[in-house]
$ cat target-v9.txt   # compact mmCIF, C-alpha atoms and all ligand atoms
# COMPACT_ATOMS: atom_id res chain seq x y z
CA MET C 17 86.34 104.92 -117.46
CA ASN C 18 84.01 102.17 -118.49
CA ASP C 19 84.36 98.81 -120.10
CA ILE C 20 81.75 98.36 -122.75
CA LEU C 21 80.67 94.75 -122.39
CA PRO C 22 79.50 92.29 -125.05
CA ASP C 23 75.84 92.72 -124.20
CA GLN C 24 76.21 96.51 -124.56
CA THR C 25 78.17 96.63 -127.80
CA PRO C 26 75.15 95.85 -130.03
CA VAL C 27 73.50 99.14 -128.98
CA TRP C 28 76.75 100.99 -129.60
CA GLN C 29 77.07 99.45 -133.03
CA PHE C 30 73.45 100.31 -133.76
CA VAL C 31 73.94 103.99 -132.86
CA GLU C 32 77.32 104.26 -134.58
CA GLY C 33 75.87 102.59 -137.66
CA LYS C 34 72.96 105.04 -137.86
CA VAL C 35 75.30 108.00 -137.47
CA ARG C 36 77.61 106.71 -140.20
CA GLU C 37 74.66 106.13 -142.51
CA VAL C 38 73.21 109.60 -141.97
CA LEU C 39 76.57 111.37 -142.29
CA SER C 40 77.59 109.63 -145.47
CA GLY C 41 74.14 110.38 -146.88
CA TYR C 42 75.02 114.08 -146.54
CA GLY C 43 78.44 113.65 -148.13
CA TYR C 44 80.54 113.88 -144.97
CA GLN C 45 83.96 112.18 -144.91
CA GLU C 46 85.50 110.41 -141.95
CA ILE C 47 88.85 111.52 -140.52
CA ARG C 48 90.78 109.63 -137.82
CA MET C 49 93.16 111.49 -135.54
CA PRO C 50 95.50 110.30 -132.78
CA ILE C 51 94.20 110.20 -129.22
CA VAL C 52 97.08 112.34 -127.91
CA GLU C 53 98.17 115.77 -129.07
CA GLN C 54 100.66 118.33 -127.83
CA THR C 55 99.23 119.89 -124.66
CA ASP C 56 99.76 123.32 -126.13
CA LEU C 57 97.24 122.65 -128.91
CA PHE C 58 94.40 122.35 -126.41
CA LYS C 59 95.55 125.35 -124.38
CA ARG C 60 95.64 127.52 -127.48
CA SER C 61 92.29 126.38 -128.84
CA ILE C 62 89.95 125.50 -125.99
CA GLY C 63 91.33 128.35 -123.87
CA GLU C 64 93.53 128.58 -120.77
CA VAL C 65 90.72 129.61 -118.44
CA THR C 66 88.13 127.05 -119.45
CA ASP C 67 87.11 124.20 -117.13
CA ILE C 68 88.60 121.69 -119.51
CA VAL C 69 92.08 123.18 -119.60
CA GLU C 70 92.12 124.38 -116.01
CA LYS C 71 91.18 121.15 -114.34
CA GLU C 72 90.07 118.32 -116.58
CA MET C 73 92.95 117.36 -118.87
CA TYR C 74 94.98 114.16 -118.61
CA THR C 75 98.41 115.62 -119.25
CA PHE C 76 101.74 113.81 -119.04
CA GLU C 77 105.31 114.07 -120.16
CA ASP C 78 106.49 111.46 -122.64
CA ARG C 79 110.01 110.06 -122.72
CA ASN C 80 111.32 113.05 -124.65
CA GLY C 81 109.97 115.43 -122.07
CA ASP C 82 107.22 116.68 -124.42
CA SER C 83 103.97 117.57 -122.74
CA LEU C 84 101.16 115.51 -124.25
CA THR C 85 97.47 115.37 -123.42
CA LEU C 86 94.80 112.75 -123.96
CA ARG C 87 92.34 114.61 -126.16
CA PRO C 88 89.44 116.12 -124.18
CA GLU C 89 87.57 116.87 -127.43
CA GLY C 90 88.10 116.44 -131.13
CA THR C 91 87.88 119.85 -132.76
CA ALA C 92 91.42 120.99 -131.95
CA GLY C 93 92.98 117.80 -133.27
CA CYS C 94 90.78 117.87 -136.36
CA VAL C 95 91.84 121.42 -137.18
CA ARG C 96 95.48 120.50 -136.55
CA ALA C 97 95.26 117.49 -138.86
CA ALA C 98 93.34 119.33 -141.58
CA GLU C 99 95.89 122.15 -141.58
CA GLU C 100 98.89 119.86 -141.42
CA HIS C 101 97.74 117.94 -144.48
CA GLY C 102 96.53 120.89 -146.51
CA LEU C 103 92.89 119.80 -146.46
CA LEU C 104 91.66 123.36 -146.07
CA PHE C 105 93.53 125.01 -148.88
CA ASN C 106 91.02 126.70 -151.22
CA GLN C 107 88.35 124.14 -150.61
CA THR C 108 85.40 123.33 -148.43
CA ARG C 109 85.37 120.23 -146.23
CA ARG C 110 82.73 118.29 -144.38
CA LEU C 111 84.44 115.95 -141.91
CA TRP C 112 83.44 113.67 -139.07
CA TYR C 113 85.20 111.46 -136.55
CA THR C 114 84.40 109.28 -133.59
CA GLY C 115 86.34 107.97 -130.64
CA PRO C 116 87.14 108.29 -126.95
CA MET C 117 87.71 111.63 -125.24
CA PHE C 118 89.18 112.11 -121.78
CA ARG C 119 88.28 114.59 -119.06
CA HIS C 120 89.07 114.32 -115.39
CA GLU C 121 85.60 115.23 -114.15
CA ARG C 122 83.56 114.01 -111.21
CA PRO C 123 81.99 110.84 -112.59
CA GLN C 124 78.21 110.59 -112.41
CA LYS C 125 75.36 109.38 -114.59
CA GLY C 126 76.05 110.61 -118.11
CA ARG C 127 79.45 112.03 -117.16
CA TYR C 128 82.57 109.88 -117.32
CA ARG C 129 86.32 110.31 -117.53
CA GLN C 130 86.62 108.41 -120.77
CA PHE C 131 83.59 109.01 -122.94
CA HIS C 132 82.89 108.84 -126.64
CA GLN C 133 81.92 111.53 -129.06
CA ILE C 134 80.93 111.71 -132.65
CA GLY C 135 82.19 115.02 -133.94
CA VAL C 136 81.40 116.81 -137.16
CA GLU C 137 83.44 119.75 -138.49
CA CYS C 138 82.77 121.80 -141.63
CA PHE C 139 85.36 124.17 -143.05
CA GLY C 140 85.32 127.00 -145.53
CA MET C 141 81.59 127.78 -145.60
CA THR C 142 80.66 131.24 -144.36
CA GLY C 143 76.91 131.40 -144.58
CA PRO C 144 74.28 130.17 -142.16
CA ASP C 145 73.29 127.57 -144.77
CA ILE C 146 75.89 125.13 -143.44
CA ASP C 147 74.84 125.86 -139.84
CA ALA C 148 71.32 124.96 -140.92
CA GLU C 149 72.51 121.81 -142.67
CA LEU C 150 74.19 120.60 -139.48
CA LEU C 151 70.95 121.05 -137.57
CA ILE C 152 68.89 119.39 -140.30
CA LEU C 153 71.35 116.50 -140.27
CA THR C 154 71.13 116.06 -136.49
CA ALA C 155 67.34 116.28 -136.62
CA ARG C 156 67.43 113.52 -139.24
CA LEU C 157 69.55 111.40 -136.94
CA TRP C 158 67.09 111.83 -134.04
CA LYS C 159 64.32 110.65 -136.38
CA GLU C 160 66.34 107.61 -137.42
CA LEU C 161 66.97 106.74 -133.77
CA GLY C 162 63.37 107.38 -132.73
CA LEU C 163 64.49 110.26 -130.52
CA ASP C 164 62.84 113.17 -132.34
CA ALA C 165 60.09 113.49 -129.75
CA HIS C 166 62.64 113.45 -126.93
CA THR C 167 65.14 116.08 -128.00
CA ARG C 168 64.76 119.82 -128.36
CA LEU C 169 67.00 122.37 -129.97
CA GLU C 170 68.25 125.57 -128.37
CA ILE C 171 70.17 128.10 -130.42
CA ASN C 172 71.84 131.42 -129.77
CA SER C 173 74.31 133.81 -131.30
CA ILE C 174 77.28 134.92 -129.26
CA GLY C 175 78.60 137.33 -131.87
CA THR C 176 82.15 138.26 -132.68
CA SER C 177 84.89 138.30 -130.07
CA ALA C 178 84.83 142.12 -130.13
CA ALA C 179 81.12 142.12 -129.34
CA ARG C 180 81.63 139.58 -126.57
CA ARG C 181 84.46 141.63 -125.10
CA GLU C 182 82.19 144.64 -124.77
CA TYR C 183 79.38 142.57 -123.36
CA ARG C 184 81.75 140.89 -120.96
CA GLU C 185 82.62 144.24 -119.42
CA ALA C 186 78.98 145.14 -119.00
CA LEU C 187 78.20 141.75 -117.46
CA VAL C 188 81.11 141.89 -115.04
CA GLY C 189 80.09 145.43 -114.06
CA TYR C 190 76.58 144.25 -113.30
CA LEU C 191 77.48 141.00 -111.53
CA SER C 192 80.16 142.61 -109.36
CA GLY C 193 77.31 144.40 -107.57
CA TYR C 194 75.97 140.97 -106.56
CA TYR C 195 79.31 139.32 -105.84
CA ASP C 196 78.39 138.09 -102.35
CA GLN C 197 75.22 136.44 -103.59
CA LEU C 198 76.92 134.46 -106.36
CA ASP C 199 77.83 130.80 -105.92
CA GLY C 200 81.52 129.92 -105.59
CA ASP C 201 81.89 128.75 -109.18
CA SER C 202 80.38 131.94 -110.52
CA GLN C 203 82.56 134.09 -108.26
CA ARG C 204 85.59 132.39 -109.69
CA ARG C 205 84.33 132.76 -113.25
CA LEU C 206 83.63 136.44 -112.78
CA GLU C 207 87.33 136.98 -113.32
CA SER C 208 88.27 134.10 -115.58
CA ASN C 209 85.28 133.40 -117.82
CA PRO C 210 82.27 135.57 -116.92
CA LEU C 211 80.11 134.53 -119.90
CA ARG C 212 80.07 131.02 -118.51
CA ILE C 213 78.09 132.36 -115.52
CA LEU C 214 75.10 132.73 -117.86
CA ASP C 215 75.15 128.95 -118.04
CA SER C 216 75.04 128.47 -114.25
CA LYS C 217 72.59 125.86 -113.03
CA ASN C 218 72.30 127.62 -109.66
CA PRO C 219 68.73 129.04 -109.29
CA ASP C 220 69.89 131.99 -107.15
CA THR C 221 72.49 132.94 -109.74
CA GLN C 222 69.89 132.55 -112.50
CA LYS C 223 67.63 134.93 -110.56
CA ILE C 224 70.37 137.56 -110.40
CA LEU C 225 70.92 137.11 -114.14
CA GLU C 226 67.34 138.02 -114.97
CA ALA C 227 68.09 141.73 -114.83
CA ALA C 228 71.63 141.42 -116.24
CA PRO C 229 72.62 143.12 -119.50
CA LYS C 230 71.58 141.02 -122.51
CA LEU C 231 74.14 139.61 -124.89
CA ASP C 232 71.99 140.24 -127.95
CA ASP C 233 71.99 143.99 -127.25
CA TYR C 234 75.74 143.90 -127.84
CA LEU C 235 75.80 141.78 -130.97
CA ASP C 236 77.32 143.17 -134.14
CA GLU C 237 75.20 143.67 -137.26
CA GLU C 238 76.81 140.81 -139.19
CA SER C 239 76.20 138.27 -136.42
CA LEU C 240 72.61 139.43 -136.04
CA GLU C 241 72.01 139.06 -139.76
CA HIS C 242 73.66 135.62 -139.79
CA PHE C 243 71.43 134.54 -136.92
CA ARG C 244 68.27 135.98 -138.49
CA ARG C 245 68.99 134.12 -141.71
CA LEU C 246 69.72 130.88 -139.85
CA ARG C 247 66.35 131.07 -138.13
CA GLU C 248 64.67 131.59 -141.51
CA LEU C 249 66.41 128.53 -142.91
CA LEU C 250 65.42 126.43 -139.91
CA ASP C 251 61.82 127.61 -140.21
CA ALA C 252 61.81 126.74 -143.89
CA ALA C 253 63.19 123.29 -143.12
CA GLY C 254 60.59 122.71 -140.42
CA ILE C 255 63.17 122.39 -137.64
CA GLU C 256 61.77 123.51 -134.31
CA TYR C 257 63.99 125.44 -131.93
CA THR C 258 63.96 127.93 -129.11
CA VAL C 259 66.32 130.87 -128.90
CA ASN C 260 68.05 130.71 -125.52
CA PRO C 261 69.79 134.06 -125.01
CA ARG C 262 71.83 132.59 -122.15
CA LEU C 263 73.26 129.73 -124.15
CA VAL C 264 77.03 130.10 -124.29
CA ARG C 265 79.49 127.29 -124.82
CA GLY C 266 82.28 126.36 -122.43
CA LEU C 267 85.03 126.54 -125.03
CA ASP C 268 86.69 129.78 -126.08
CA TYR C 269 86.75 129.21 -129.80
CA TYR C 270 83.05 129.62 -130.52
CA GLY C 271 81.51 132.74 -132.09
CA LYS C 272 78.22 133.61 -133.81
CA THR C 273 75.99 130.51 -133.89
CA VAL C 274 75.95 128.17 -130.90
CA PHE C 275 73.45 125.38 -130.28
CA GLU C 276 72.59 122.45 -128.06
CA TRP C 277 70.26 119.52 -128.46
CA ILE C 278 68.83 118.78 -125.06
CA THR C 279 66.73 115.97 -123.65
CA ASP C 280 64.60 116.26 -120.55
CA SER C 281 64.75 112.51 -119.94
CA LEU C 282 68.26 112.24 -118.46
CA GLY C 283 68.18 114.71 -115.56
CA ALA C 284 71.04 117.18 -115.21
CA GLN C 285 73.24 115.68 -117.95
CA GLY C 286 70.70 116.53 -120.63
CA THR C 287 72.87 117.92 -123.43
CA VAL C 288 73.30 115.18 -126.01
CA CYS C 289 74.82 117.27 -128.78
CA ALA C 290 76.46 120.67 -128.75
CA GLY C 291 78.33 122.89 -131.13
CA GLY C 292 78.60 126.11 -133.02
CA ARG C 293 80.70 128.30 -135.29
CA TYR C 294 84.38 128.79 -134.71
CA ASP C 295 85.42 131.06 -137.55
CA GLY C 296 88.61 132.22 -135.85
CA LEU C 297 90.13 128.94 -134.70
CA VAL C 298 91.99 127.80 -137.79
CA GLU C 299 93.83 131.11 -138.03
CA GLN C 300 94.40 131.19 -134.29
CA LEU C 301 96.15 127.82 -134.61
CA GLY C 302 98.42 129.14 -137.34
CA GLY C 303 96.45 128.39 -140.50
CA LYS C 304 95.03 130.68 -143.18
CA PRO C 305 91.79 132.32 -142.04
CA THR C 306 89.16 129.60 -142.57
CA VAL C 307 85.62 129.75 -141.27
CA ALA C 308 84.24 126.65 -139.59
CA VAL C 309 81.27 125.19 -137.78
CA GLY C 310 80.81 121.88 -136.01
CA PHE C 311 79.33 119.90 -133.18
CA ALA C 312 80.00 116.93 -130.96
CA MET C 313 77.56 114.46 -129.55
CA GLY C 314 78.08 112.28 -126.54
CA LEU C 315 77.49 108.62 -127.34
CA GLU C 316 77.09 107.50 -123.72
CA ARG C 317 74.24 109.95 -123.24
CA LEU C 318 72.56 108.96 -126.49
CA ILE C 319 72.73 105.30 -125.53
CA LEU C 320 71.53 105.99 -122.01
CA LEU C 321 68.63 107.89 -123.52
CA LEU C 322 67.70 105.08 -125.90
CA GLU C 323 67.83 102.59 -123.05
CA THR C 324 65.91 104.80 -120.62
CA LEU C 325 63.14 105.29 -123.16
CA GLU C 326 63.29 101.62 -124.19
CA LEU C 327 63.84 102.64 -127.80
CA VAL C 328 66.51 100.07 -128.66
CA PRO C 329 64.92 97.95 -131.41
CA ASP C 330 64.80 94.21 -130.67
CA TYR C 331 66.74 93.29 -133.77
CA VAL C 332 69.76 95.13 -132.38
CA ASN C 333 70.45 92.39 -129.89
CA ALA C 334 70.75 89.92 -132.72
CA ASN C 335 70.77 86.29 -131.68
CA ALA C 336 72.11 83.33 -133.53
CA ASP C 337 69.82 82.00 -136.25
CA VAL C 338 71.25 78.51 -136.50
CA TYR C 339 73.31 76.48 -134.02
CA VAL C 340 75.25 73.57 -135.52
CA THR C 341 76.07 70.82 -133.03
CA ALA C 342 78.79 68.19 -133.42
CA MET C 343 78.56 64.97 -131.41
CA GLY C 344 81.74 62.91 -131.68
CA ASP C 345 85.06 63.43 -133.43
CA GLN C 346 83.78 62.45 -136.85
CA ALA C 347 81.07 65.08 -136.71
CA VAL C 348 83.47 67.98 -136.09
CA PRO C 349 84.84 68.48 -139.63
CA VAL C 350 81.34 68.00 -141.09
CA ALA C 351 79.90 70.57 -138.65
CA LEU C 352 82.62 73.09 -139.53
CA GLY C 353 82.12 72.50 -143.27
CA LEU C 354 78.31 72.58 -143.18
CA SER C 355 78.35 75.77 -141.09
CA GLU C 356 80.60 77.41 -143.63
CA SER C 357 78.30 76.48 -146.51
CA LEU C 358 75.30 77.82 -144.53
CA ARG C 359 77.05 81.17 -144.04
CA LEU C 360 77.68 81.36 -147.76
CA ALA C 361 74.13 80.40 -148.65
CA LEU C 362 72.40 82.54 -146.00
CA PRO C 363 74.10 85.95 -146.04
CA GLY C 364 73.25 88.07 -143.02
CA LYS C 365 72.23 85.07 -140.91
CA VAL C 366 74.19 84.14 -137.81
CA VAL C 367 75.43 80.54 -137.82
CA VAL C 368 77.20 79.40 -134.65
CA THR C 369 79.16 76.16 -134.72
CA HIS C 370 79.41 74.26 -131.49
CA CYS C 371 83.03 73.91 -130.39
CA GLY C 372 84.44 72.17 -127.35
CA GLY C 373 82.65 68.81 -127.50
CA GLY C 374 80.35 67.63 -124.71
CA SER C 375 77.19 65.58 -124.43
CA PHE C 376 74.08 65.96 -126.58
CA LYS C 377 72.31 67.51 -123.62
CA SER C 378 74.94 70.15 -122.95
CA GLN C 379 75.22 71.04 -126.64
CA MET C 380 71.45 71.48 -126.89
CA LYS C 381 71.51 73.69 -123.82
CA LYS C 382 74.08 75.94 -125.50
CA ALA C 383 72.01 75.92 -128.69
CA ASP C 384 69.03 77.13 -126.71
CA ARG C 385 71.01 79.85 -124.93
CA SER C 386 72.38 81.14 -128.24
CA GLY C 387 68.89 82.29 -129.13
CA ALA C 388 69.01 80.29 -132.37
CA ARG C 389 65.72 79.34 -133.99
CA TYR C 390 67.10 76.03 -135.29
CA ALA C 391 69.64 73.49 -134.13
CA VAL C 392 71.40 71.28 -136.64
CA ILE C 393 72.02 67.86 -135.11
CA LEU C 394 75.12 65.99 -136.25
CA GLY C 395 75.86 62.69 -134.49
CA ASP C 396 77.23 59.27 -135.49
CA ASN C 397 73.98 58.24 -137.20
CA GLU C 398 73.77 61.39 -139.29
CA ILE C 399 77.43 61.15 -140.27
CA ALA C 400 76.96 57.52 -141.32
CA SER C 401 73.93 58.33 -143.50
CA GLY C 402 75.04 61.75 -144.81
CA THR C 403 72.01 63.42 -143.22
CA VAL C 404 71.36 66.02 -140.54
CA GLY C 405 68.68 66.47 -137.91
CA LEU C 406 66.98 69.87 -138.00
CA LYS C 407 65.30 70.82 -134.74
CA PRO C 408 63.16 73.95 -134.26
CA LEU C 409 64.05 75.49 -130.89
CA ARG C 410 61.33 78.12 -130.64
CA SER C 411 58.26 76.06 -131.58
CA ASP C 412 56.75 72.70 -130.75
CA GLU C 413 57.31 71.30 -134.22
CA GLY C 414 59.25 68.06 -134.27
CA GLN C 415 62.73 67.38 -135.56
CA GLN C 416 63.11 66.50 -139.23
CA GLU C 417 65.77 64.50 -141.03
CA LEU C 418 67.29 65.94 -144.22
CA GLU C 419 70.03 65.20 -146.69
CA GLN C 420 72.99 67.46 -145.84
CA ALA C 421 72.77 68.92 -149.33
CA GLU C 422 69.18 70.11 -148.69
CA LEU C 423 69.96 71.88 -145.45
CA ALA C 424 70.77 75.34 -146.77
CA ASN C 425 67.69 75.54 -148.98
CA THR C 426 65.38 74.30 -146.26
CA LEU C 427 66.77 76.75 -143.71
CA ASP C 428 66.57 79.60 -146.19
CA LYS C 429 62.82 79.05 -146.49
CA LEU C 430 62.25 78.41 -142.79
CA LEU C 431 64.20 81.47 -141.60
CA ASP C 432 62.39 83.82 -143.91
CA ALA C 433 58.97 82.48 -142.97
P1 LIG P 501 78.48 119.56 -120.13
O1 LIG P 501 77.89 120.93 -120.05
O2 LIG P 501 77.46 118.45 -120.01
O3 LIG P 501 79.68 119.37 -119.26
P2 LIG P 501 80.25 120.21 -122.28
O4 LIG P 501 79.83 121.58 -122.64
O5 LIG P 501 81.44 120.01 -121.44
O6 LIG P 501 79.00 119.42 -121.63
P3 LIG P 501 81.11 119.51 -124.93
O7 LIG P 501 82.53 119.71 -124.63
O8 LIG P 501 80.42 120.47 -125.78
O9 LIG P 501 80.31 119.31 -123.57
O10 LIG P 501 80.89 118.04 -125.51
C1 LIG P 501 79.79 117.70 -126.34
C2 LIG P 501 78.99 116.56 -125.78
O11 LIG P 501 79.82 115.52 -125.31
C3 LIG P 501 78.14 116.91 -124.57
O12 LIG P 501 76.97 117.51 -124.94
C4 LIG P 501 77.92 115.55 -123.96
O13 LIG P 501 76.88 114.87 -124.65
C5 LIG P 501 79.22 114.87 -124.20
N1 LIG P 501 80.08 114.94 -123.01
C6 LIG P 501 80.88 115.96 -122.62
N2 LIG P 501 81.56 115.64 -121.51
C7 LIG P 501 81.19 114.37 -121.18
C8 LIG P 501 81.55 113.44 -120.15
N3 LIG P 501 82.44 113.75 -119.22
N4 LIG P 501 80.97 112.22 -120.15
C9 LIG P 501 80.07 111.87 -121.10
N5 LIG P 501 79.69 112.69 -122.10
C10 LIG P 501 80.24 113.91 -122.16
MG MG P 502 81.72 119.78 -119.38

$ encode --input "target-v9.txt" --output "structure tokens" --more "lines below"
Ligand code: ATP
Ligand code: MG
Amino acid sequence: MNDILPDQTPVWQFVEGKVREVLSGYGYQEIRMPIVEQTDLFKRSIGEVTDIVEKEMYTFEDRNGDSLTLRPEGTAGCVRAAEEHGLLFNQTRRLWYTGPMFRHERPQKGRYRQFHQIGVECFGMTGPDIDAELLILTARLWKELGLDAHTRLEINSIGTSAARREYREALVGYLSGYYDQLDGDSQRRLESNPLRILDSKNPDTQKILEAAPKLDDYLDEESLEHFRRLRELLDAAGIEYTVNPRLVRGLDYYGKTVFEWITDSLGAQGTVCAGGRYDGLVEQLGGKPTVAVGFAMGLERLILLLETLELVPDYVNANADVYVTAMGDQAVPVALGLSESLRLALPGKVVVTHCGGGSFKSQMKKADRSGARYAVILGDNEIASGTVGLKPLRSDEGQQELEQAELANTLDKLLDA
């Protein structure tokens, strides 16, 4: 679990800001859920035999003896909240949320125990049009972040649960013949979650899979048609993708469309955004049958990617614009007042007031370190004459003396030059 330190938060705010902007531009509404839910909610939605539920959840008993879990993902809680508050009754919804998620995994680059996701969930829309919109929206976000050349889209259809059940039998039948050659994880999954083996990163297992039965041979007509239409819509929108027939998601609730946005610039932890359809989940959790589709993206990985590729724009690490010094007790109220009037007159500019006293030299050192382009000098002389000294910190130009009343106007011109 990481602290996100002051010199890192500007990048976070930059990414979060872009996501917010894009999502609200598509008419998505934010929802905020609690960080803990009843443990049972995750078991019933994500699935008892998934990695998350089997070994990654932070589960504890509260003082009433209820079993609670720190949310490992947001979809379950979002569905719970939407149902509980009647948001899904006879209407469509486009929702998003952001916040920390918790999974007890082996920490490594791009994989942490507390990490942050932005999740998007759409309810009540059956057709592949909304699937396409989600992918168009994410593609737009990559463009806004300068990541479009560094992410690629993989899509697949995993059909209905009936189709998967049939396929599952065929796959288990085939893989059982190679049991001894499978890696330990895959051997375990052969019983619990065989489709997940398709996802194995082990090259030997992948080799065995080459001749395995193919999921798309088992897909039902409706899923095939949905997928065909989705591909048409993506083609029409100019969204590039590859169909990866082995793409399955690690959570039980997905069906039909699944997708991942992958980068090749982060090594093994290359999935920056993943999602799909989960038409059965709302009903499974006790609601009226309501189709749904959504995705989650990992903020840590996005930020790591931006930093690795040096794509964080300079303006993100915004420095102070003006540093107002105050030499001597009499200067302090004037410095506080002048700073306030500068903030009013120069919206969007960062005005830092020196606090804590100290010599001229030490105040100028702090002014320099703040990154400000100008220091406002306020000492006994200036106070006596109602003036200020204005000193450029990033050029060789000399200091000028101004009436205090002229300061805001002068700075306005100088800062925009
Ligand atoms: P992976 O295959 O990398 O374990 P996942 O299938 O478990 O991913 P999801 O549950 O679909 O991932 O979560 C969506 C996204 O959230 C991932 O694509 C990734 O960007 C991010 N993510 C998931 N787990 C972690 C983690 N432990 N640390 C950081 N980011 C994570
Ligand atoms: Mg995982």

$ atom_distance --input "target-v9.txt" --atom1 "CA of Ser357 in chain C" --atom2 "CA of Pro329 in chain C"
29.5 Å

$ residues_near_ligand --input "target-v9.txt" --ligand "ligand LIG 501 (chain P)" --cutoff "6 Å" --atoms "all atoms listed in the file" --output "MDAnalysis selection string"
chainID C and resid 119 126:129 131 133 266 285 287:290 312:314 316:317

$ residues_near_ligand --input "target-v9.txt" --ligand "ligand MG 502 (chain P)" --cutoff "8 Å" --atoms "all atoms listed in the file" --output "MDAnalysis selection string"
chainID C and resid 67:68 121 266

$ atom_distance --input "target-v9.txt" --atom1 "CA of Lys159 in chain C" --atom2 "CA of Thr273 in chain C"
23.2 Å

$ residues_near_point --input "target-v9.txt" --point "(76.6, 116.6, -137.4)" --cutoff "9 Å" --atoms "only C-alpha atoms" --output "ChimeraX atom specification"
/C:35,39,44,112,134-137,149-154,157,289,310-313

$ atom_distance --input "target-v9.txt" --atom1 "CA of Pro116 in chain C" --atom2 "CA of Asp19 in chain C"
12.0 Å

$ residues_around --input "target-v9.txt" --residues "Ala361 in chain C" --least-positions-apart "6" --cutoff "12 Å" --atoms "only C-alpha atoms" --output "PDB file with C-alpha atoms, in the coordinates of the input"
ATOM      1  CA  LEU C 354      78.310  72.580-143.180  1.00  0.00           C
ATOM      2  CA  SER C 355      78.350  75.770-141.090  1.00  0.00           C
ATOM      3  CA  VAL C 367      75.430  80.540-137.820  1.00  0.00           C
ATOM      4  CA  ALA C 421      72.770  68.920-149.330  1.00  0.00           C
ATOM      5  CA  GLU C 422      69.180  70.110-148.690  1.00  0.00           C
ATOM      6  CA  LEU C 423      69.960  71.880-145.450  1.00  0.00           C
ATOM      7  CA  ALA C 424      70.770  75.340-146.770  1.00  0.00           C
ATOM      8  CA  ASN C 425      67.690  75.540-148.980  1.00  0.00           C
ATOM      9  CA  THR C 426      65.380  74.300-146.260  1.00  0.00           C
ATOM     10  CA  LEU C 427      66.770  76.750-143.710  1.00  0.00           C
ATOM     11  CA  ASP C 428      66.570  79.600-146.190  1.00  0.00           C
ATOM     12  CA  LYS C 429      62.820  79.050-146.490  1.00  0.00           C
TER      13      LYS C 429
END

$ closest_residue --input "target-v9.txt" --among "C:Leu250, C:Leu321, C:Met73, C:Ala227" --to "Thr55 in chain C" --atoms "only C-alpha atoms"
C:Met73

$ residues_near_point --input "target-v9.txt" --point "(94.7, 119.9, -128.9)" --cutoff "10 Å" --atoms "only C-alpha atoms" --output "NGL selection string"
:C and (51-62 or 84-96 or 301)

$ closest_residue --input "target-v9.txt" --among "C:Val309, C:Ala391, C:Val65, C:Ala179" --to "Leu267 in chain C" --atoms "all atoms listed in the file"
C:Val65

$ closest_residue --input "target-v9.txt" --among "C:Glu70, C:Arg262, C:Lys382, C:Gly175" --to "Arg205 in chain C" --atoms "all atoms listed in the file"
C:Glu70

$ closest_residue --input "target-v9.txt" --among "C:Ile278, C:Val264, C:Val328, C:Leu394" --to "Leu418 in chain C" --atoms "only C-alpha atoms"
C:Leu394

$ closest_residue --input "target-v9.txt" --among "C:Leu263, C:Leu235, C:Ile393, C:Ala178" --to "Leu211 in chain C" --atoms "only C-alpha atoms"
C:Leu263

$ residues_around --input "target-v9.txt" --residues "Leu103 in chain C" --least-positions-apart "6" --cutoff "12 Å" --atoms "all atoms listed in the file" --output "list in words"
Gln45, Ile47, Cys94, Val95, Arg96, Ala97, Arg109, Arg110, Leu111, Cys138, Phe139, Gly140, Val298, Gly303, Lys304 and Thr306 of chain C

$ residues_around --input "target-v9.txt" --residues "Glu237 in chain C" --least-positions-apart "2" --cutoff "12 Å" --atoms "all atoms listed in the file" --output "PyMOL selection string"
chain C and resi 173+175-176+179+232-235+239-244+272

$ closest_residue --input "target-v9.txt" --among "C:Gly283, C:Gly364, C:Pro219, C:Gly189" --to "Leu206 in chain C" --atoms "only C-alpha atoms"
C:Gly189

$ residues_around --input "target-v9.txt" --residues "Glu326 in chain C" --least-positions-apart "3" --cutoff "12 Å" --atoms "all atoms listed in the file" --output "MDAnalysis selection string"
chainID C and resid 27 161:163 281 319:323 329:330

$ residues_around --input "target-v9.txt" --residues "Val392 in chain C" --least-positions-apart "3" --cutoff "7 Å" --atoms "all atoms listed in the file" --output "list in words"
Tyr339, Val340, Thr341, Val404, Gly405, Leu406 and Lys407 of chain C

$ decode --input "target-v9.txt" --residues "range 90-106 of chain C" --atoms "C-alpha atoms" --output "PDB file, in the first residue's frame"
ATOM      1  CA  GLY C  90     -16.116  -1.662  -7.747  1.00  0.00           C
ATOM      2  CA  THR C  91     -18.697  -3.403  -9.911  1.00  0.00           C
ATOM      3  CA  ALA C  92     -20.330  -5.437  -7.141  1.00  0.00           C
ATOM      4  CA  GLY C  93     -20.740  -2.426  -4.869  1.00  0.00           C
ATOM      5  CA  CYS C  94     -22.012  -0.296  -7.739  1.00  0.00           C
ATOM      6  CA  VAL C  95     -24.678  -2.857  -8.618  1.00  0.00           C
ATOM      7  CA  ARG C  96     -25.607  -3.165  -4.939  1.00  0.00           C
ATOM      8  CA  ALA C  97     -25.958   0.598  -4.580  1.00  0.00           C
ATOM      9  CA  ALA C  98     -27.845   1.063  -7.848  1.00  0.00           C
ATOM     10  CA  GLU C  99     -30.321  -1.673  -6.888  1.00  0.00           C
ATOM     11  CA  GLU C 100     -30.711  -0.497  -3.323  1.00  0.00           C
ATOM     12  CA  HIS C 101     -31.629   3.013  -4.444  1.00  0.00           C
ATOM     13  CA  GLY C 102     -33.821   2.045  -7.368  1.00  0.00           C
ATOM     14  CA  LEU C 103     -31.512   3.570  -9.974  1.00  0.00           C
ATOM     15  CA  LEU C 104     -32.123   0.740 -12.413  1.00  0.00           C
ATOM     16  CA  PHE C 105     -35.884   0.685 -12.418  1.00  0.00           C
ATOM     17  CA  ASN C 106     -37.124   1.145 -16.005  1.00  0.00           C
TER      18      ASN C 106
END
